[in-house]
Amino acid sequence: MTERPHVAVLGAGSWGTALALLLASNGHEVHLWGRNEEHIRQLRKTRENSDYLPGVMLPETIEPTAWIEDALDSAEIVLAVTPSRSVRALCESITEAGTLRPEAVLVSCTKGIEHDTGLRMSEILMQHFLFNPVAVLSGPSHAEEVARQAPTAVVIGAADHGVAVRLQQAFNNRSFRTYTSDDVAGIELGGALKNIYAIAAGICDGLGLGDNTKAALVTRALAELSRLGARMGGNPATFQGLSGVGDLFVTCISQHSRNRKVGERLGRGETPEAIADSMRMVAEGVPTTRSAHQCAERLGVETPVAKQIYAILYEGKSPSDALLELMTRDPKPERELFSIAEMA
């Protein structure tokens with residue numbers, strides 16, 4: 001990998017644009033690819049992603065393109081930043097392009113779990129590209145704040161430490177600090193599962209509940225996330241870090257969080273269907289709730305909060321009834337956080 005590797009960012013939404021801006025500010029030449037040709041035309045003309053990240057101008061070192069062949073041709077780092085439901089289609093587009101370099105590092109920046117298979121996004125990439133190194137990036141990092149260079153810390157996961165370090169060098173700057181880890185599964189699962197609990201936090205806001213409720217929810221969510229994440233292959237210690245408690249905390253409280261906003265609207269009485277129809281951007285917690293519920297059932301893992309969010313989203317249960325059921329469960333000792341390692 002060269003000192004200033006060329007980068008392809010596949011996905012021209014808010015997160016893809018923010019990452020392209022970050023990497024361009026570090027001196028990399030960046031291709032920002034999007035499937036919608038009209039959207040890309042506007043990006044090239046105005047140098048502003050007004051649909052997804054208004055008010056932030058793209059420097060000349062970012063080349064928007066609707067041609068994935070061009071984006072991949074010289075790229076040594078390829079970021080996959082599409083919604084989780086589109087990752088398989090993205091893999092097919094990369095394969096059809098035929099210009100992916102064999103040494104290019106693929107970095108999954110998408111937070112989700114595939115329904116039915118239970119696969120993480122990096123596992124889908126590895127299925128399609130057997131010989132390319134695959135890494136993941138996750139942590140508390142809203143696109144709006146990364147784009148304006150607010151101090152941010154994330155974690156890069158890769159089985160190959162050398163790959164992780166090279167990516168760390170590519171991303172690091174004075175406002176964006178990256179740590180490395182070899183627990184790819186834990187990093188991905190923490191980043192994906194926390195979106196379920198952000199919906200729950202938003203429901204608390206929509207119902208007009210207070211700080212006591214939110215604090216209890218986040219604490220129990222961390223225990224639940226860690227329990228399921230460990231059974232799905234993550235290291236329990238990872239969930240105490242940036243892609244666990246860090247990402248959980250920020251997405252449960254932030255005004256930028258799409259998942260929290262979905263929950264808030266649910267708490268105010270809107271239906272999941274009406275909310276989905278009104279949103280331009282994807283709230284990954286909605287499909288992840290379905291996938292995680294399926295995984296928990298298959299693995300026999302108790303996830304009472306996620307189970308209630310699933311019932312609200314997919315079974316028509318009211319938020320108030322879900323809250324009552326959670327509060328009236330059988331009493332038990334608080335020991336989950338101390339026994340996660342035994343459950344892994």
# chains A, B, ... in the order shown; residues from 1 in each chain; ligands from 1
>>> select_by_dssp(residues="segment 70-299 of chain A", states="strand (DSSP E or B)", output="list in words")
Ile77, Val78, Leu79, Ala80, Val105, Leu106, Val107, Ser108, Ile113, Arg120, Val134, Ala135, Val136, Leu137, Ser138, Thr152, Ala153, Val154, Val155, Ile156, Gly157, Ala158, Phe176, Arg177, Thr178, Tyr179, Thr180 and Ser181 of chain A
>>> residues_around(residues="Ser84 of chain A", least_positions_apart="3", cutoff="8 Å", atoms="only C-alpha atoms", output="PyMOL selection string")
chain A and resi 87+110-114+121+284
>>> write_last_selection(atoms="all heavy atoms", output="PDB file, in the first residue's frame")
ATOM      1  N   VAL A  87     -25.824  -4.580   0.623  1.00  0.00           N
ATOM      2  CA  VAL A  87     -24.425  -5.017   0.593  1.00  0.00           C
ATOM      3  C   VAL A  87     -24.211  -6.140  -0.418  1.00  0.00           C
ATOM      4  O   VAL A  87     -23.216  -6.147  -1.156  1.00  0.00           O
ATOM      5  CB  VAL A  87     -23.947  -5.424   2.002  1.00  0.00           C
ATOM      6  CG1 VAL A  87     -22.602  -6.148   1.949  1.00  0.00           C
ATOM      7  CG2 VAL A  87     -23.824  -4.188   2.878  1.00  0.00           C
ATOM      8  N   THR A 110     -20.725  -0.416   7.341  1.00  0.00           N
ATOM      9  CA  THR A 110     -22.171  -0.593   7.438  1.00  0.00           C
ATOM     10  C   THR A 110     -22.509  -1.374   8.693  1.00  0.00           C
ATOM     11  O   THR A 110     -21.872  -2.384   8.991  1.00  0.00           O
ATOM     12  CB  THR A 110     -22.705  -1.346   6.204  1.00  0.00           C
ATOM     13  OG1 THR A 110     -22.412  -0.573   5.035  1.00  0.00           O
ATOM     14  CG2 THR A 110     -24.189  -1.588   6.299  1.00  0.00           C
ATOM     15  N   LYS A 111     -23.528  -0.927   9.425  1.00  0.00           N
ATOM     16  CA  LYS A 111     -23.890  -1.551  10.692  1.00  0.00           C
ATOM     17  C   LYS A 111     -25.195  -2.320  10.531  1.00  0.00           C
ATOM     18  O   LYS A 111     -26.270  -1.720  10.472  1.00  0.00           O
ATOM     19  CB  LYS A 111     -24.012  -0.485  11.789  1.00  0.00           C
ATOM     20  CG  LYS A 111     -22.702   0.253  12.040  1.00  0.00           C
ATOM     21  CD  LYS A 111     -22.829   1.361  13.059  1.00  0.00           C
ATOM     22  CE  LYS A 111     -21.482   2.040  13.290  1.00  0.00           C
ATOM     23  NZ  LYS A 111     -21.561   3.134  14.272  1.00  0.00           N
ATOM     24  N   GLY A 112     -25.084  -3.643  10.447  1.00  0.00           N
ATOM     25  CA  GLY A 112     -26.284  -4.449  10.289  1.00  0.00           C
ATOM     26  C   GLY A 112     -25.976  -5.927  10.369  1.00  0.00           C
ATOM     27  O   GLY A 112     -24.816  -6.344  10.414  1.00  0.00           O
ATOM     28  N   ILE A 113     -27.036  -6.732  10.401  1.00  0.00           N
ATOM     29  CA  ILE A 113     -26.959  -8.193  10.407  1.00  0.00           C
ATOM     30  C   ILE A 113     -27.940  -8.685   9.350  1.00  0.00           C
ATOM     31  O   ILE A 113     -29.104  -8.267   9.324  1.00  0.00           O
ATOM     32  CB  ILE A 113     -27.334  -8.772  11.783  1.00  0.00           C
ATOM     33  CG1 ILE A 113     -26.385  -8.238  12.870  1.00  0.00           C
ATOM     34  CG2 ILE A 113     -27.316 -10.301  11.766  1.00  0.00           C
ATOM     35  CD1 ILE A 113     -26.851  -8.545  14.283  1.00  0.00           C
ATOM     36  N   GLU A 114     -27.483  -9.561   8.486  1.00  0.00           N
ATOM     37  CA  GLU A 114     -28.351 -10.051   7.418  1.00  0.00           C
ATOM     38  C   GLU A 114     -29.423 -10.976   7.974  1.00  0.00           C
ATOM     39  O   GLU A 114     -29.138 -11.871   8.776  1.00  0.00           O
ATOM     40  CB  GLU A 114     -27.530 -10.785   6.361  1.00  0.00           C
ATOM     41  CG  GLU A 114     -28.343 -11.124   5.119  1.00  0.00           C
ATOM     42  CD  GLU A 114     -27.498 -11.735   4.029  1.00  0.00           C
ATOM     43  OE1 GLU A 114     -26.706 -12.650   4.321  1.00  0.00           O
ATOM     44  OE2 GLU A 114     -27.632 -11.295   2.869  1.00  0.00           O
ATOM     45  N   MET A 121     -21.805  -7.929   8.042  1.00  0.00           N
ATOM     46  CA  MET A 121     -21.503  -7.353   6.730  1.00  0.00           C
ATOM     47  C   MET A 121     -20.127  -7.779   6.221  1.00  0.00           C
ATOM     48  O   MET A 121     -19.948  -8.045   5.026  1.00  0.00           O
ATOM     49  CB  MET A 121     -21.591  -5.826   6.786  1.00  0.00           C
ATOM     50  CG  MET A 121     -22.971  -5.292   7.180  1.00  0.00           C
ATOM     51  SD  MET A 121     -24.293  -5.757   6.031  1.00  0.00           S
ATOM     52  CE  MET A 121     -25.103  -7.094   6.939  1.00  0.00           C
ATOM     53  N   GLU A 284     -31.064   1.729  10.441  1.00  0.00           N
ATOM     54  CA  GLU A 284     -30.647   0.325  10.411  1.00  0.00           C
ATOM     55  C   GLU A 284     -31.199  -0.490  11.579  1.00  0.00           C
ATOM     56  O   GLU A 284     -31.263  -1.715  11.507  1.00  0.00           O
ATOM     57  CB  GLU A 284     -29.119   0.228  10.402  1.00  0.00           C
ATOM     58  CG  GLU A 284     -28.468   0.638   9.098  1.00  0.00           C
ATOM     59  CD  GLU A 284     -28.629  -0.403   7.995  1.00  0.00           C
ATOM     60  OE1 GLU A 284     -29.300  -1.433   8.217  1.00  0.00           O
ATOM     61  OE2 GLU A 284     -28.084  -0.169   6.892  1.00  0.00           O
TER      62      GLU A 284
END
>>> residues_around(residues="Cys295 of chain A", least_positions_apart="4", cutoff="7 Å", atoms="only C-alpha atoms", output="ChimeraX atom specification")
/A:118,291,299
>>> closest_residue(among="A:Ala292, A:Leu58, A:Val218, A:Val262", to="Val245 of chain A", atoms="only C-alpha atoms")
A:Val218
>>> closest_residue(among="A:Gln308, A:Ser122, A:Gln42, A:Ser181", to="Arg290 of chain A", atoms="only C-alpha atoms")
A:Gln308
>>> atom_distance(atom1="atom CA of Glu334 of chain A", atom2="atom CA of Thr219 of chain A")
10.7 Å
>>> closest_residue(among="A:Ala80, A:Ile68, A:Ala201, A:Leu326", to="Thr95 of chain A", atoms="only C-alpha atoms")
A:Ile68
>>> closest_residue(among="A:Trp33, A:Trp67, A:Phe249, A:Tyr179", to="Ala20 of chain A", atoms="only C-alpha atoms")
A:Trp33
>>> atom_distance(atom1="atom CA of Asn195 of chain A", atom2="atom CA of Gly285 of chain A")
4.4 Å
>>> residues_around(residues="Asp247 of chain A", least_positions_apart="3", cutoff="10 Å", atoms="only C-alpha atoms", output="PyMOL selection string")
chain A and resi 138-142+154+190-195+198+239+241-244+250-252
>>> residues_around(residues="Gly234 of chain A", least_positions_apart="2", cutoff="12 Å", atoms="only C-alpha atoms", output="PyMOL selection string")
chain A and resi 120+157+181-191+193+225-232+236-240+243-244+340-341+343-344
>>> select_by_dssp(residues="segment 1-198 of chain A", states="alpha helix (DSSP H)", output="PyMOL selection string")
chain A and resi 14-25+37-46+68-73+87-97+121-128+143-147+161-171+184-198
>>> closest_residue(among="A:Glu273, A:Glu297, A:Ser257, A:Ala89", to="Glu315 of chain A", atoms="only C-alpha atoms")
A:Glu273
>>> closest_residue(among="A:Val305, A:Leu32, A:Leu119, A:Leu324", to="Thr61 of chain A", atoms="only C-alpha atoms")
A:Leu32
>>> residues_around(residues="Asn132 of chain A", least_positions_apart="5", cutoff="10 Å", atoms="only C-alpha atoms", output="count of residues only")
9
>>> closest_atom_pairs(of="segment 149-209 of chain A", to="segment 7-18 of chain A", cutoff="12 Å", atoms="only C-alpha atoms", output="JSON lines")
{"residue": "A:Gln149", "atom": "CA", "partner": "A:Ala18", "partner_atom": "CA", "distance": 9.5}
{"residue": "A:Ala150", "atom": "CA", "partner": "A:Ala18", "partner_atom": "CA", "distance": 11.6}
{"residue": "A:Leu167", "atom": "CA", "partner": "A:Val7", "partner_atom": "CA", "distance": 11.0}
{"residue": "A:Ala170", "atom": "CA", "partner": "A:Val7", "partner_atom": "CA", "distance": 9.6}
{"residue": "A:Phe171", "atom": "CA", "partner": "A:Val7", "partner_atom": "CA", "distance": 11.0}
{"residue": "A:Phe176", "atom": "CA", "partner": "A:Ala18", "partner_atom": "CA", "distance": 11.6}
>>> write_last_selection(atoms="N, CA, C and O atoms", output="mmCIF file, in the first residue's frame")
data_model
loop_
_atom_site.group_PDB
_atom_site.id
_atom_site.type_symbol
_atom_site.label_atom_id
_atom_site.label_comp_id
_atom_site.auth_asym_id
_atom_site.auth_seq_id
_atom_site.Cartn_x
_atom_site.Cartn_y
_atom_site.Cartn_z
ATOM 1 N N GLN A 149 -15.498 17.987 11.648
ATOM 2 C CA GLN A 149 -14.240 17.728 12.342
ATOM 3 C C GLN A 149 -14.351 17.841 13.856
ATOM 4 O O GLN A 149 -13.418 18.275 14.540
ATOM 5 N N ALA A 150 -15.492 17.423 14.399
ATOM 6 C CA ALA A 150 -15.607 17.316 15.851
ATOM 7 C C ALA A 150 -14.752 16.138 16.313
ATOM 8 O O ALA A 150 -14.715 15.095 15.649
ATOM 9 N N LEU A 167 -4.630 0.915 7.906
ATOM 10 C CA LEU A 167 -5.882 1.671 7.878
ATOM 11 C C LEU A 167 -5.884 2.759 8.945
ATOM 12 O O LEU A 167 -6.367 3.879 8.708
ATOM 13 N N ALA A 170 -4.148 5.645 7.644
ATOM 14 C CA ALA A 170 -4.909 6.335 6.597
ATOM 15 C C ALA A 170 -5.993 7.239 7.181
ATOM 16 O O ALA A 170 -6.264 8.321 6.643
ATOM 17 N N PHE A 171 -6.615 6.808 8.282
ATOM 18 C CA PHE A 171 -7.744 7.544 8.850
ATOM 19 C C PHE A 171 -7.341 8.578 9.897
ATOM 20 O O PHE A 171 -8.010 9.601 10.048
ATOM 21 N N PHE A 176 -9.835 12.910 14.312
ATOM 22 C CA PHE A 176 -10.384 11.558 14.131
ATOM 23 C C PHE A 176 -9.327 10.555 14.586
ATOM 24 O O PHE A 176 -8.307 10.363 13.925
#
>>> atom_distance(atom1="atom CA of Asn26 of chain A", atom2="atom CA of Asn173 of chain A")
7.1 Å
>>> residues_around(residues="His28 of chain A", least_positions_apart="5", cutoff="7 Å", atoms="only C-alpha atoms", output="PyMOL selection string")
chain A and resi 4-7+23
>>> write_last_selection(atoms="N, CA and C atoms", output="PDB file, in the first residue's frame")
ATOM      1  N   ARG A   4       0.133   7.368   0.449  1.00  0.00           N
ATOM      2  CA  ARG A   4      -1.166   8.040   0.367  1.00  0.00           C
ATOM      3  C   ARG A   4      -2.054   7.243  -0.580  1.00  0.00           C
ATOM      4  N   PRO A   5      -2.587   6.101  -0.129  1.00  0.00           N
ATOM      5  CA  PRO A   5      -3.348   5.242  -1.042  1.00  0.00           C
ATOM      6  C   PRO A   5      -4.602   5.924  -1.576  1.00  0.00           C
ATOM      7  N   HIS A   6      -4.925   5.613  -2.826  1.00  0.00           N
ATOM      8  CA  HIS A   6      -6.195   6.060  -3.385  1.00  0.00           C
ATOM      9  C   HIS A   6      -7.331   5.287  -2.706  1.00  0.00           C
ATOM     10  N   VAL A   7      -8.453   5.967  -2.528  1.00  0.00           N
ATOM     11  CA  VAL A   7      -9.564   5.391  -1.785  1.00  0.00           C
ATOM     12  C   VAL A   7     -10.836   5.461  -2.624  1.00  0.00           C
ATOM     13  N   LEU A  23     -11.008  11.419   4.625  1.00  0.00           N
ATOM     14  CA  LEU A  23      -9.855  10.853   3.934  1.00  0.00           C
ATOM     15  C   LEU A  23      -9.229  11.868   2.976  1.00  0.00           C
TER      16      LEU A  23
END
